[in-house]
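A.B. asks: Pasting my_file00.cif here (mmCIF, C-alpha atoms and all ligand atoms):
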data_entry
loop_
_atom_site.label_atom_id
_atom_site.label_comp_id
_atom_site.auth_asym_id
_atom_site.auth_seq_id
_atom_site.Cartn_x
_atom_site.Cartn_y
_atom_site.Cartn_z
CA MET G 1 109.82 95.42 102.00
CA LYS G 2 111.59 96.37 98.78
CA ILE G 3 114.72 94.39 97.97
CA LEU G 4 117.09 95.59 95.28
CA ALA G 5 119.59 92.99 94.08
CA PHE G 6 122.09 92.66 91.31
CA ALA G 7 125.24 90.95 90.14
CA ALA G 8 128.13 93.39 89.67
CA SER G 9 128.78 91.80 86.28
CA ASN G 10 127.53 92.32 82.75
CA SER G 11 127.88 88.67 81.77
CA ARG G 12 124.67 87.18 80.38
CA ARG G 13 125.69 83.90 82.05
CA SER G 14 126.82 85.50 85.30
CA ILE G 15 127.39 83.06 88.13
CA ASN G 16 127.05 85.99 90.53
CA ARG G 17 123.60 86.61 89.15
CA GLN G 18 122.73 83.00 90.01
CA LEU G 19 124.09 83.47 93.52
CA VAL G 20 122.23 86.72 94.13
CA ALA G 21 119.01 85.21 92.75
CA CYS G 22 119.42 82.30 95.17
CA ALA G 23 119.98 84.71 98.08
CA THR G 24 116.95 86.84 97.23
CA GLY G 25 114.87 83.67 96.98
CA MET G 26 115.95 82.70 100.48
CA LEU G 27 115.22 86.21 101.68
CA ALA G 28 111.76 86.22 100.13
CA GLU G 29 111.05 82.91 101.89
CA GLN G 30 111.92 84.52 105.23
CA VAL G 31 109.97 87.73 104.58
CA GLY G 32 106.90 86.12 103.02
CA GLU G 33 104.46 87.93 100.76
CA ASP G 34 105.59 91.41 101.85
CA ALA G 35 108.85 90.91 99.94
CA GLU G 36 109.10 92.88 96.71
CA VAL G 37 112.26 91.72 94.97
CA GLU G 38 113.80 93.46 91.99
CA ILE G 39 116.91 91.97 90.38
CA ILE G 40 118.40 94.47 87.98
CA ASP G 41 120.83 93.77 85.12
CA LEU G 42 123.87 96.02 84.72
CA ASN G 43 123.47 95.75 80.94
CA ASP G 44 120.47 98.04 81.35
CA TYR G 45 122.78 100.69 82.85
CA GLU G 46 125.49 100.77 80.24
CA MET G 47 127.01 104.22 79.78
CA PRO G 48 130.14 105.62 78.13
CA ILE G 49 133.28 105.19 80.23
CA TYR G 50 133.27 107.86 82.91
CA SER G 51 135.34 110.91 82.10
CA ILE G 52 135.34 114.35 83.66
CA ASP G 53 135.26 115.84 80.15
CA ARG G 54 132.12 113.89 79.19
CA GLU G 55 130.53 114.93 82.46
CA ASN G 56 131.36 118.59 81.89
CA GLU G 57 130.10 118.47 78.32
CA ALA G 58 126.95 116.41 78.68
CA GLY G 59 126.25 115.86 82.39
CA VAL G 60 125.57 112.53 84.04
CA PRO G 61 123.61 110.01 81.91
CA SER G 62 120.04 109.15 82.92
CA GLU G 63 121.00 105.52 83.72
CA ALA G 64 122.99 106.68 86.76
CA HIS G 65 120.01 108.72 87.99
CA ARG G 66 117.74 105.71 87.47
CA PHE G 67 120.11 103.50 89.47
CA LEU G 68 120.25 105.94 92.38
CA ASN G 69 116.45 106.22 92.40
CA GLN G 70 116.21 102.45 92.68
CA VAL G 71 118.69 102.48 95.56
CA ARG G 72 116.65 105.22 97.25
CA GLU G 73 113.45 103.19 97.02
CA ALA G 74 115.02 99.98 98.37
CA ASP G 75 114.78 98.85 101.99
CA ARG G 76 117.59 96.31 101.63
CA ILE G 77 120.24 95.73 98.94
CA LEU G 78 122.13 92.60 97.90
CA ILE G 79 125.07 92.70 95.51
CA ALA G 80 127.12 89.73 94.24
CA PHE G 81 130.50 90.88 92.97
CA ALA G 82 132.28 89.26 90.05
CA GLU G 83 136.06 89.60 90.31
CA HIS G 84 138.12 90.79 87.36
CA ASN G 85 141.85 90.92 87.95
CA GLY G 86 141.36 91.12 91.67
CA SER G 87 138.89 93.97 91.53
CA TYR G 88 135.50 95.25 90.33
CA THR G 89 134.31 94.55 86.80
CA SER G 90 134.44 97.56 84.50
CA ALA G 91 130.65 97.42 84.13
CA TYR G 92 130.13 97.87 87.88
CA LYS G 93 132.89 100.44 88.37
CA ASN G 94 131.57 102.60 85.57
CA LEU G 95 128.06 102.68 86.98
CA TYR G 96 129.42 103.34 90.45
CA ASP G 97 131.65 106.19 89.25
CA TRP G 98 128.85 107.92 87.34
CA ALA G 99 126.39 107.47 90.22
CA SER G 100 128.90 108.87 92.73
CA ARG G 101 128.95 112.14 90.76
CA ILE G 102 125.28 112.67 91.62
CA ASN G 103 125.46 111.45 95.21
CA ARG G 104 128.76 110.47 96.79
CA ARG G 105 126.82 108.34 99.29
CA VAL G 106 125.72 106.05 96.49
CA TYR G 107 124.14 103.47 98.80
CA GLN G 108 122.20 106.01 100.87
CA ASN G 109 122.59 104.24 104.24
CA LYS G 110 120.81 101.10 103.09
CA PRO G 111 121.44 97.83 104.96
CA MET G 112 123.27 95.57 102.53
CA LEU G 113 124.73 92.11 102.06
CA LEU G 114 127.77 91.73 99.84
CA LEU G 115 128.25 88.39 98.14
CA ALA G 116 130.82 87.12 95.68
CA THR G 117 131.61 83.95 93.80
CA SER G 118 134.11 82.67 91.26
CA PRO G 119 134.72 79.37 89.46
CA GLY G 120 138.05 79.05 91.30
CA PRO G 121 138.58 78.38 95.00
CA GLY G 122 139.23 82.04 95.89
CA GLY G 123 135.53 82.91 95.78
CA ALA G 124 136.26 86.42 94.46
CA SER G 125 137.40 87.26 97.98
CA SER G 126 139.72 90.00 96.78
CA VAL G 127 136.95 92.13 95.27
CA LEU G 128 134.71 91.27 98.21
CA LYS G 129 137.33 92.58 100.63
CA THR G 130 137.74 95.75 98.58
CA ALA G 131 133.99 96.32 98.43
CA SER G 132 133.36 95.61 102.11
CA GLU G 133 136.11 98.05 103.14
CA ALA G 134 135.25 100.78 100.65
CA LEU G 135 131.46 100.81 100.42
CA PRO G 136 130.83 101.99 103.99
CA HIS G 137 132.60 105.22 102.99
CA PHE G 138 129.98 105.62 100.27
CA GLY G 139 126.84 105.20 102.29
CA ALA G 140 126.64 101.41 102.52
CA ASP G 141 125.44 99.91 105.80
CA VAL G 142 127.18 96.56 105.25
CA ARG G 143 125.61 93.87 107.44
CA GLY G 144 127.58 90.89 106.19
CA THR G 145 129.65 89.30 103.45
CA PHE G 146 129.56 85.86 101.88
CA SER G 147 132.12 84.39 99.50
CA LEU G 148 131.49 81.15 97.61
CA GLY G 149 134.55 79.49 96.11
CA SER G 150 134.46 76.87 93.34
CA PHE G 151 130.97 77.91 92.23
CA HIS G 152 130.38 74.96 89.92
CA GLU G 153 131.09 72.49 92.71
CA HIS G 154 129.09 74.29 95.37
CA PHE G 155 126.05 75.51 93.49
CA ASP G 156 123.24 73.45 92.01
CA GLU G 157 122.56 75.36 88.80
CA GLU G 158 119.56 73.24 87.89
CA PHE G 159 117.67 74.19 91.06
CA GLY G 160 119.37 77.54 91.64
CA ARG G 161 120.52 76.75 95.16
CA LEU G 162 123.65 76.13 97.21
CA SER G 163 124.61 72.46 97.34
CA ASN G 164 126.34 72.48 100.70
CA PRO G 165 124.10 72.74 103.80
CA THR G 166 126.84 74.62 105.69
CA HIS G 167 126.85 77.34 103.03
CA THR G 168 123.05 77.44 103.05
CA GLU G 169 123.08 77.88 106.81
CA GLN G 170 125.69 80.66 106.65
CA LEU G 171 123.75 82.58 104.02
CA ARG G 172 120.42 82.09 105.79
CA ASP G 173 121.98 83.43 108.97
CA LEU G 174 123.32 86.52 107.18
CA ILE G 175 119.94 87.16 105.56
CA GLY G 176 118.31 86.93 108.98
CA ARG G 177 120.75 89.56 110.25
CA LEU G 178 120.06 91.77 107.25
CA LEU G 179 116.34 91.58 107.88
CA LEU G 180 116.75 92.54 111.54
CA ALA G 181 118.79 95.63 110.63
CA GLU G 182 117.16 98.92 111.46
CA PRO G 183 117.75 101.10 108.42
CA ALA G 184 119.73 104.21 109.37
CA SER G 185 118.07 107.51 108.53
CA ASN G 186 119.30 109.15 105.32
C1 LIG G 201 139.07 89.83 82.58
C2 LIG G 201 138.83 88.77 83.62
C3 LIG G 201 139.57 88.79 84.79
C4 LIG G 201 139.32 87.83 85.78
N1 LIG G 201 140.01 87.92 86.95
C5 LIG G 201 139.69 87.07 87.95
C6 LIG G 201 140.29 87.23 89.23
O1 LIG G 201 141.09 88.11 89.47
N2 LIG G 201 139.93 86.37 90.22
C7 LIG G 201 139.01 85.37 90.01
O2 LIG G 201 138.70 84.64 90.94
N3 LIG G 201 138.42 85.20 88.80
C8 LIG G 201 138.74 86.02 87.78
N4 LIG G 201 138.13 85.88 86.56
C9 LIG G 201 137.18 84.78 86.36
C10 LIG G 201 135.80 85.20 86.89
O3 LIG G 201 135.72 84.91 88.27
C11 LIG G 201 134.72 84.43 86.13
O4 LIG G 201 134.70 84.86 84.78
C12 LIG G 201 133.35 84.61 86.75
O5 LIG G 201 132.42 83.82 86.01
C13 LIG G 201 132.93 86.06 86.80
O6 LIG G 201 131.70 86.19 87.44
P1 LIG G 201 130.35 86.40 86.60
O7 LIG G 201 130.08 85.09 85.88
O8 LIG G 201 129.32 86.68 87.63
O9 LIG G 201 130.56 87.53 85.64
C14 LIG G 201 138.37 86.81 85.56
C15 LIG G 201 137.65 86.80 84.36
C16 LIG G 201 137.87 87.76 83.40
C17 LIG G 201 137.06 87.72 82.11
#
Spit out the file's structure as structure tokens when you get a sec.

C.D. replies:
Amino acid sequence: MKILAFAASNSRRSINRQLVACATGMLAEQVGEDAEVEIIDLNDYEMPIYSIDRENEAGVPSEAHRFLNQVREADRILIAFAEHNGSYTSAYKNLYDWASRINRRVYQNKPMLLLATSPGPGGASSVLKTASEALPHFGADVRGTFSLGSFHEHFDEEFGRLSNPTHTEQLRDLIGRLLLAEPASN
């Protein structure tokens, strides 16, 4: 089972990357040795800011094609969204916009979990709400969402795991549901 995961952030110290790595670790534990996890870094998909003029002049950059190919090959996808001013980070939105010009159904019917965390108590719930409402219109088969507020209080950065057993239970439950999902046909 191929798992594609990433933080929707280009921060080298991304807390969402830590959260998504924790979730994929829990998932791999449940799946066992059949799990093939790939955590990608949005810095490897940096492109000029989307513009219709750039697209008309030079087409869609190869990074967007590469991203869509990785989505196509995945059986399950996990994303952890960083929140900037209540919404997506520019790094994520730019990749998403370019990719949508190749295939509007960016997420190609893949079963997905959407996560989000922030240092404050809000847990990036605004961007998580936006993503969970919008992504199904772009091919995402969203099987659950998980928001973690006050990251530094609720995450053990040394061991890369959630500190609170209730949160661990919630996330484990969602991962179980994701694994049971029958992928829709493309
Ligand atoms: C430009 C900018 C805007 C931000 N806006 C929000 C916000 O609206 N809500 C929030 O909870 N945190 C906000 N933050 C704080 C982020 O949650 C924090 O930087 C977090 O670490 C981002 O996740 P990441 O580490 O995975 O990139 C903002 C940070 C920046 C740099």

A.B. asks: Using all atoms listed in the file, which of G:Met47, G:Ala181, G:Leu115, G:Ala134 sits nearest ligand LIG 201 (chain G)?

C.D. replies: G:Leu115

A.B. asks: Using all atoms listed in the file for the distances, tell me which of G:Arg76, G:His137, G:His152, G:His65 is nearest to ligand LIG 201 (chain G).

C.D. replies: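 Distance minimum relative to ligand LIG 201 (chain G) lands on G:His152.
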
A.B. asks: Mind giving me the straight-line distance from atom CA of G:Trp98 to atom CA of G:Ser126 in Å, one decimal?

C.D. replies: 23.0 Å

A.B. asks: Select, from G:Ala82, G:Ile77, G:Leu128, G:Ala64, the residue with the minimum atom-to-atom distance to ligand LIG 201 (chain G), counting only C-alpha atoms and all ligand atoms.

C.D. replies: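 The shortest atom-to-atom distance to ligand LIG 201 (chain G) comes from G:Ala82.
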
A.B. asks: Against ligand LIG 201 (chain G), which residues of chain G fall within 8 Å? For each one I want the closest pair of atoms and the distance in Å (one decimal), counting only C-alpha atoms and all ligand atoms, rows by chain and increasing residue number, as JSON lines.

C.D. replies:
{"residue": "G:Ala7", "atom": "CA", "partner": "G:LIG201", "partner_atom": "O8", "distance": 6.4}
{"residue": "G:Ala8", "atom": "CA", "partner": "G:LIG201", "partner_atom": "O8", "distance": 7.1}
{"residue": "G:Ser9", "atom": "CA", "partner": "G:LIG201", "partner_atom": "O9", "distance": 4.7}
{"residue": "G:Asn10", "atom": "CA", "partner": "G:LIG201", "partner_atom": "O9", "distance": 6.4}
{"residue": "G:Ser11", "atom": "CA", "partner": "G:LIG201", "partner_atom": "O9", "distance": 4.8}
{"residue": "G:Arg12", "atom": "CA", "partner": "G:LIG201", "partner_atom": "O9", "distance": 7.9}
{"residue": "G:Arg13", "atom": "CA", "partner": "G:LIG201", "partner_atom": "O7", "distance": 5.9}
{"residue": "G:Ser14", "atom": "CA", "partner": "G:LIG201", "partner_atom": "O7", "distance": 3.3}
{"residue": "G:Ile15", "atom": "CA", "partner": "G:LIG201", "partner_atom": "O7", "distance": 4.1}
{"residue": "G:Asn16", "atom": "CA", "partner": "G:LIG201", "partner_atom": "O8", "distance": 3.7}
{"residue": "G:Arg17", "atom": "CA", "partner": "G:LIG201", "partner_atom": "O8", "distance": 5.9}
{"residue": "G:Gln18", "atom": "CA", "partner": "G:LIG201", "partner_atom": "O8", "distance": 7.9}
{"residue": "G:Ala80", "atom": "CA", "partner": "G:LIG201", "partner_atom": "O8", "distance": 7.6}
{"residue": "G:Phe81", "atom": "CA", "partner": "G:LIG201", "partner_atom": "O8", "distance": 6.9}
{"residue": "G:Ala82", "atom": "CA", "partner": "G:LIG201", "partner_atom": "O6", "distance": 4.1}
{"residue": "G:Glu83", "atom": "CA", "partner": "G:LIG201", "partner_atom": "C6", "distance": 5.0}
{"residue": "G:His84", "atom": "CA", "partner": "G:LIG201", "partner_atom": "N1", "distance": 3.5}
{"residue": "G:Asn85", "atom": "CA", "partner": "G:LIG201", "partner_atom": "O1", "distance": 3.3}
{"residue": "G:Gly86", "atom": "CA", "partner": "G:LIG201", "partner_atom": "O1", "distance": 3.7}
{"residue": "G:Ser87", "atom": "CA", "partner": "G:LIG201", "partner_atom": "O1", "distance": 6.6}
{"residue": "G:Thr89", "atom": "CA", "partner": "G:LIG201", "partner_atom": "C1", "distance": 7.9}
{"residue": "G:Thr117", "atom": "CA", "partner": "G:LIG201", "partner_atom": "O6", "distance": 6.7}
{"residue": "G:Ser118", "atom": "CA", "partner": "G:LIG201", "partner_atom": "O3", "distance": 4.1}
{"residue": "G:Pro119", "atom": "CA", "partner": "G:LIG201", "partner_atom": "O3", "distance": 5.8}
{"residue": "G:Gly120", "atom": "CA", "partner": "G:LIG201", "partner_atom": "O2", "distance": 5.6}
{"residue": "G:Pro121", "atom": "CA", "partner": "G:LIG201", "partner_atom": "O2", "distance": 7.5}
{"residue": "G:Gly122", "atom": "CA", "partner": "G:LIG201", "partner_atom": "O2", "distance": 5.6}
{"residue": "G:Gly123", "atom": "CA", "partner": "G:LIG201", "partner_atom": "O2", "distance": 6.0}
{"residue": "G:Ala124", "atom": "CA", "partner": "G:LIG201", "partner_atom": "O2", "distance": 4.6}
{"residue": "G:Ser125", "atom": "CA", "partner": "G:LIG201", "partner_atom": "O2", "distance": 7.6}
{"residue": "G:Ser126", "atom": "CA", "partner": "G:LIG201", "partner_atom": "N2", "distance": 7.5}

A.B. asks: Please, what distance in Å, to one decimal, runs between atom CA of G:Met1 and atom CA of G:Phe146?

C.D. replies: 21.9 Å

A.B. asks: Residues near G:Tyr50, anyone? I mean within 8 Å using all atoms listed in the file, not counting same-chain ones fewer than 4 positions away, as a list of chain:residue names.

C.D. replies: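 Close residues of G:Tyr50: G:Arg54, G:Glu55, G:Asn94, G:Asp97, G:Trp98.
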
A.B. asks: Check the smallest atom-to-atom distance from each of G:Cys22, G:Ile102, G:Phe151, G:Ile3 to G:Val60 using only C-alpha atoms, then report the winner.

C.D. replies: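 Ranking G:Cys22, G:Ile102, G:Phe151, G:Ile3 by distance to G:Val60, first place goes to G:Ile102.
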
A.B. asks: Pick from G:Ala21, G:Val71, G:Leu95, G:Leu4: nearest to G:Leu162, with all atoms listed in the file counted?

C.D. replies: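 Closest to G:Leu162 of all the choices is G:Ala21.
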
A.B. asks: At what distance in Å, to one decimal, does atom CA of G:Leu27 lie from atom CA of G:Asp173?

C.D. replies: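 Value for the atom CA of G:Asp173-atom CA of G:Leu27 distance: 10.3 Å.
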
A.B. asks: My list of candidates is G:Ser90, G:Gln70, G:Gln170, G:Asn109. Which is closest to G:Pro48 when distances are computed with only C-alpha atoms?

C.D. replies: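 Closest to G:Pro48, using only C-alpha atoms: G:Ser90.
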